[in-house]
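Asker: Please see the structure below; I have some questions.
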Amino acid sequence: MIFRQLFDQTSSTYTYLLASRHGGEALIVDPVLERVDRYIQLLNELDLRLVKAIDTHLHADHITGLEALSERTHCITVMGEQTKADVVSIRVGDGDRVGIEGLTLEALYTPGHTDDSYSYLMPDRVFTGDTLLIRGTGRTDFQNGDPRAQYASLFGRLLKLPDDTLVYPAHDYKGDTVSTIGEEKAFNPRLQVKSVEDYVAVMENLTLPNPKMMDVAIPANMRIGLAQQIVAGKGWAIGAEEGKNLLGQSDVILIDLREDQERRKHGLIPGSLHVPYQDVEASLKADGLLQLLGKAAEKTLIFYCAFGERSAMAVQAAQEAGLVNARHIHGGLQAWQQAGGPVAR
Ligand SMILES: [Fe+2]
């Protein structure tokens, strides 16, 4: 496995880059906007293709690199289903899996620091966001933080992992880089409490100043979806209502870009063809399926995904590949369902 821990000095944030091999797919956890050039350079140096970028939660102390990375690499952005970030490509729930070639992370819902905090588990390590820090825990006094929920996330979930599980947090302010569950159980001062009441008392007596970036970072991180506005401006988007009228027309094909897990969980538009987002690029090449359907069979391709982010990127790629009739459903399956569009399970 290729594993890199990167550091942003301004916000003391750790960002993690993972891949199973050189020349393959990569995933990044908690990227920082100001460091995006560095990530892209490293991806190029290691010959990696970034396909997914995850934020463990809505950050208050730095602006996320999710949108910039998505624009520059066309990667999929991932956050938890509770997040208030307006548009992310995939929203995961507890127990969902986030996969790339050769690697799978399990999403663990670990609220407390915020109500959208997730940890991501691999067989030997866990990315704990701001839920569990090295010899500390994330503050619980803003962004719907809740010390009781955090106690449950820590004692009920993370500390039940095997003692030798490596702990990689989203921040460290002292220079530590990695710990283990066993070490934190034994030496983390915040975890030496006898009850949830003790823990709540500890957390309520911290009186911390607000993060310097908070007033800038939270609003910025809640608006991370620009691709759809650009695509709508070019006339390549259709509304869900319009999409409903096209259902069943023989010259129209709806293309579902989501992953199997999402299709099973949320259903799909009847009659749609499945082309996972990751395969779109290859499928738009001269002899690819989408190119054949669009050009040779003269079908109008209508892309859709969960919220419209992946389909906005796919319709741009299709237009660049010469499929001038290609469109996407603005707002994705979510907008479709709100418009009363049929969904098959
Ligand atoms: Fe945080």
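Ligands are numbered from 1 in the order shown, residues from 1 within each chain, and chains are lettered A, B, ... in the order they appear in the structure tokens.
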If you run DSSP on the backbone here, which positions in segment 216-303 of chain A get strand (DSSP E)? Please write them as number ranges by chain.
Answerer: A: 237-238, 252-256, 273-274, 300-303
Asker: Convert the current residue selection to file output with N, CA and C atoms, as a PDB file, in the first residue's frame.
Answerer:
ATOM      1  N   ALA A 237     -28.123  21.083 -18.519  1.00  0.00           N
ATOM      2  CA  ALA A 237     -28.862  20.474 -17.406  1.00  0.00           C
ATOM      3  C   ALA A 237     -30.353  20.456 -17.741  1.00  0.00           C
ATOM      4  N   ILE A 238     -31.036  19.405 -17.298  1.00  0.00           N
ATOM      5  CA  ILE A 238     -32.497  19.419 -17.374  1.00  0.00           C
ATOM      6  C   ILE A 238     -33.026  19.227 -15.961  1.00  0.00           C
ATOM      7  N   VAL A 252     -33.948   8.197 -26.133  1.00  0.00           N
ATOM      8  CA  VAL A 252     -33.315   8.733 -24.918  1.00  0.00           C
ATOM      9  C   VAL A 252     -32.839   7.585 -24.035  1.00  0.00           C
ATOM     10  N   ILE A 253     -31.605   7.698 -23.523  1.00  0.00           N
ATOM     11  CA  ILE A 253     -31.134   6.702 -22.546  1.00  0.00           C
ATOM     12  C   ILE A 253     -30.662   7.415 -21.286  1.00  0.00           C
ATOM     13  N   LEU A 254     -31.205   6.989 -20.147  1.00  0.00           N
ATOM     14  CA  LEU A 254     -30.725   7.522 -18.871  1.00  0.00           C
ATOM     15  C   LEU A 254     -29.548   6.683 -18.398  1.00  0.00           C
ATOM     16  N   ILE A 255     -28.501   7.364 -17.952  1.00  0.00           N
ATOM     17  CA  ILE A 255     -27.272   6.683 -17.526  1.00  0.00           C
ATOM     18  C   ILE A 255     -27.064   6.930 -16.038  1.00  0.00           C
ATOM     19  N   ASP A 256     -27.086   5.864 -15.249  1.00  0.00           N
ATOM     20  CA  ASP A 256     -26.881   5.950 -13.797  1.00  0.00           C
ATOM     21  C   ASP A 256     -25.385   5.833 -13.499  1.00  0.00           C
ATOM     22  N   LEU A 273     -29.445   2.773 -17.649  1.00  0.00           N
ATOM     23  CA  LEU A 273     -28.263   1.951 -17.894  1.00  0.00           C
ATOM     24  C   LEU A 273     -27.211   2.313 -16.851  1.00  0.00           C
ATOM     25  N   HIS A 274     -26.493   1.312 -16.335  1.00  0.00           N
ATOM     26  CA  HIS A 274     -25.494   1.579 -15.300  1.00  0.00           C
ATOM     27  C   HIS A 274     -24.105   1.727 -15.907  1.00  0.00           C
ATOM     28  N   THR A 300     -29.944  10.209 -27.238  1.00  0.00           N
ATOM     29  CA  THR A 300     -29.652  11.328 -26.345  1.00  0.00           C
ATOM     30  C   THR A 300     -29.322  10.750 -24.972  1.00  0.00           C
ATOM     31  N   LEU A 301     -28.118  11.043 -24.486  1.00  0.00           N
ATOM     32  CA  LEU A 301     -27.694  10.504 -23.188  1.00  0.00           C
ATOM     33  C   LEU A 301     -28.066  11.490 -22.085  1.00  0.00           C
ATOM     34  N   ILE A 302     -28.756  10.988 -21.063  1.00  0.00           N
ATOM     35  CA  ILE A 302     -29.089  11.812 -19.895  1.00  0.00           C
ATOM     36  C   ILE A 302     -28.422  11.159 -18.682  1.00  0.00           C
ATOM     37  N   PHE A 303     -27.409  11.811 -18.155  1.00  0.00           N
ATOM     38  CA  PHE A 303     -26.697  11.270 -16.994  1.00  0.00           C
ATOM     39  C   PHE A 303     -27.415  11.643 -15.699  1.00  0.00           C
TER      40      PHE A 303
END
Asker: Can you tell me which residues surround Val315 of chain A at a distance of at most 12 Å, considering only C-alpha atoms, apart from same-chain residues fewer than 3 positions away, and format the answer as a ChimeraX atom specification?
Answerer: /A:74,227-228,230-232,234-238,255,257,277,280-281,284,290,300-305,308-312,318-330
Asker: Applying 10 Å and only C-alpha atoms, which residues near Asn188 of chain A remain after dropping the ones on its own chain fewer than 5 positions away? List them as a list in words.
Answerer: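 Answer for this query is Leu132, Leu133, Ile134, Arg135, Gly136, Thr137, Ile181, Gly182 and Glu183 of chain A.
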Asker: Go ahead and dump the residues you just picked, N, CA and C atoms, as a PDB file, in the first residue's frame.
Answerer:
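Saved as out-v1.pdb:
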ATOM      1  N   LEU A 132     -11.285  11.302  17.822  1.00  0.00           N
ATOM      2  CA  LEU A 132     -10.208  10.881  18.725  1.00  0.00           C
ATOM      3  C   LEU A 132      -8.904  11.466  18.221  1.00  0.00           C
ATOM      4  N   LEU A 133      -8.262  12.279  19.049  1.00  0.00           N
ATOM      5  CA  LEU A 133      -6.948  12.841  18.718  1.00  0.00           C
ATOM      6  C   LEU A 133      -5.906  12.118  19.562  1.00  0.00           C
ATOM      7  N   ILE A 134      -4.641  12.351  19.278  1.00  0.00           N
ATOM      8  CA  ILE A 134      -3.586  11.717  20.080  1.00  0.00           C
ATOM      9  C   ILE A 134      -3.501  12.441  21.422  1.00  0.00           C
ATOM     10  N   ARG A 135      -3.845  11.714  22.476  1.00  0.00           N
ATOM     11  CA  ARG A 135      -3.894  12.249  23.855  1.00  0.00           C
ATOM     12  C   ARG A 135      -4.910  13.389  23.986  1.00  0.00           C
ATOM     13  N   GLY A 136      -5.905  13.377  23.136  1.00  0.00           N
ATOM     14  CA  GLY A 136      -6.955  14.386  23.229  1.00  0.00           C
ATOM     15  C   GLY A 136      -8.196  13.910  22.510  1.00  0.00           C
ATOM     16  N   THR A 137      -9.241  14.753  22.508  1.00  0.00           N
ATOM     17  CA  THR A 137     -10.450  14.480  21.729  1.00  0.00           C
ATOM     18  C   THR A 137     -10.909  15.819  21.157  1.00  0.00           C
ATOM     19  N   ILE A 181      -5.031   2.428  19.378  1.00  0.00           N
ATOM     20  CA  ILE A 181      -6.190   2.414  20.267  1.00  0.00           C
ATOM     21  C   ILE A 181      -5.749   2.059  21.700  1.00  0.00           C
ATOM     22  N   GLY A 182      -4.878   1.054  21.836  1.00  0.00           N
ATOM     23  CA  GLY A 182      -4.427   0.626  23.163  1.00  0.00           C
ATOM     24  C   GLY A 182      -3.709   1.746  23.903  1.00  0.00           C
ATOM     25  N   GLU A 183      -2.859   2.459  23.173  1.00  0.00           N
ATOM     26  CA  GLU A 183      -2.105   3.562  23.761  1.00  0.00           C
ATOM     27  C   GLU A 183      -3.057   4.676  24.221  1.00  0.00           C
TER      28      GLU A 183
END
Asker: Quick check for you: according to DSSP on this backbone, which residues of segment 123-254 of chain A are classed as alpha helix (DSSP H)? Reply as a PyMOL selection string.
Answerer: chain A and resi 147-156+181-187+196-204+214-222+227-233+240-246
Asker: Kindly save the residues from that selection, with C-alpha atoms included, as an mmCIF file, in the first residue's frame.
Answerer:
data_model
loop_
_atom_site.group_PDB
_atom_site.id
_atom_site.type_symbol
_atom_site.label_atom_id
_atom_site.label_comp_id
_atom_site.auth_asym_id
_atom_site.auth_seq_id
_atom_site.Cartn_x
_atom_site.Cartn_y
_atom_site.Cartn_z
ATOM 1 C CA PRO A 147 -20.106 15.473 24.571
ATOM 2 C CA ARG A 148 -22.574 12.628 25.278
ATOM 3 C CA ALA A 149 -22.597 11.571 21.641
ATOM 4 C CA GLN A 150 -18.808 11.785 21.585
ATOM 5 C CA TYR A 151 -18.536 9.595 24.693
ATOM 6 C CA ALA A 152 -20.681 6.987 22.919
ATOM 7 C CA SER A 153 -18.590 7.274 19.733
ATOM 8 C CA LEU A 154 -15.372 6.843 21.724
ATOM 9 C CA PHE A 155 -16.282 4.227 24.324
ATOM 10 C CA GLY A 156 -18.957 2.467 22.271
ATOM 11 C CA ILE A 181 -6.190 2.414 20.267
ATOM 12 C CA GLY A 182 -4.427 0.626 23.163
ATOM 13 C CA GLU A 183 -2.105 3.562 23.761
ATOM 14 C CA GLU A 184 -4.969 6.059 23.776
ATOM 15 C CA LYS A 185 -7.011 3.912 26.171
ATOM 16 C CA ALA A 186 -4.066 3.863 28.579
ATOM 17 C CA PHE A 187 -2.663 7.386 28.257
ATOM 18 C CA VAL A 196 -20.420 9.736 30.704
ATOM 19 C CA GLU A 197 -21.163 12.425 33.325
ATOM 20 C CA ASP A 198 -17.438 12.716 34.096
ATOM 21 C CA TYR A 199 -16.682 13.087 30.398
ATOM 22 C CA VAL A 200 -19.361 15.761 29.906
ATOM 23 C CA ALA A 201 -17.931 17.689 32.869
ATOM 24 C CA VAL A 202 -14.410 17.550 31.389
ATOM 25 C CA MET A 203 -15.605 18.755 27.975
ATOM 26 C CA GLU A 204 -17.808 21.515 29.367
ATOM 27 C CA MET A 214 -14.226 29.585 11.808
ATOM 28 C CA ASP A 215 -16.243 32.498 10.371
ATOM 29 C CA VAL A 216 -14.682 31.964 6.953
ATOM 30 C CA ALA A 217 -14.251 28.202 6.856
ATOM 31 C CA ILE A 218 -17.696 26.954 7.869
ATOM 32 C CA PRO A 219 -19.652 28.972 5.255
ATOM 33 C CA ALA A 220 -17.071 28.133 2.575
ATOM 34 C CA ASN A 221 -17.135 24.440 3.409
ATOM 35 C CA MET A 222 -20.928 24.348 3.233
ATOM 36 C CA ALA A 227 -19.858 22.161 -11.218
ATOM 37 C CA GLN A 228 -23.663 22.107 -11.452
ATOM 38 C CA GLN A 229 -23.983 25.882 -11.751
ATOM 39 C CA ILE A 230 -21.436 25.976 -14.577
ATOM 40 C CA VAL A 231 -23.187 23.140 -16.429
ATOM 41 C CA ALA A 232 -26.623 24.725 -15.988
ATOM 42 C CA GLY A 233 -25.245 27.981 -17.414
ATOM 43 C CA ALA A 240 -36.352 16.473 -12.866
ATOM 44 C CA GLU A 241 -39.794 17.363 -14.285
ATOM 45 C CA GLU A 242 -38.399 17.576 -17.789
ATOM 46 C CA GLY A 243 -36.587 14.287 -17.207
ATOM 47 C CA LYS A 244 -39.860 12.578 -16.259
ATOM 48 C CA ASN A 245 -41.344 13.567 -19.643
ATOM 49 C CA LEU A 246 -38.404 11.958 -21.447
#
Asker: Using only C-alpha atoms, find the one residue out of A:Leu121, A:Ala53, A:Leu43, A:Ile269 that sits nearest to Pro169 of chain A.
Answerer: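 The closest residue to Pro169 of chain A is A:Leu121.
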Asker: To check your reading of the model: which residues sit at most 8 Å from ligand 1 when counting only C-alpha atoms and all ligand atoms? Write the answer as a list in words.
Answerer: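 Residues satisfying the distance criterion: His57, Leu58, His59, Ala60, Asp61, His113, Thr114, Gly129, Asp130, Gly138, Arg139 and Ala170 of chain A.
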Asker: Just the number, please: distance in Å from atom CA of Val275 of chain A to atom CA of Gln291 of chain A, one decimal.
Answerer: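 Separation between atom CA of Val275 of chain A and atom CA of Gln291 of chain A: 12.4 Å.
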Asker: Show me a table, sorted first by chain and then by increasing residue number, of the residues of segment 67-151 of chain A having an atom at most 10 Å from segment 8-21 of chain A, each with its shortest atom pair and the distance in Å to one decimal, counting only C-alpha atoms and written as a Markdown table.
Answerer:
| residue | atom | partner | partner_atom | distance |
| --- | --- | --- | --- | --- |
| A:Ile100 | CA | A:Ala19 | CA | 8.0 |
| A:Glu101 | CA | A:Ser20 | CA | 6.9 |
| A:Gly102 | CA | A:Ser20 | CA | 5.4 |
| A:Leu103 | CA | A:Ser20 | CA | 6.4 |
| A:Phe127 | CA | A:Tyr16 | CA | 8.8 |
| A:Gly129 | CA | A:Tyr14 | CA | 9.1 |
Asker: Would you mind listing, for every residue of segment 210-326 of chain A within 6 Å of segment 341-345 of chain A, the two atoms forming the shortest contact and the distance between them in Å to one decimal, using only C-alpha atoms, sorted by chain and ascending residue number, as a tab-separated table?
Answerer:
residue	atom	partner	partner_atom	distance
A:Gly267	CA	A:Arg345	CA	4.5
A:Leu268	CA	A:Val343	CA	5.3
A:Ile269	CA	A:Val343	CA	4.9
A:Pro270	CA	A:Ala344	CA	5.5
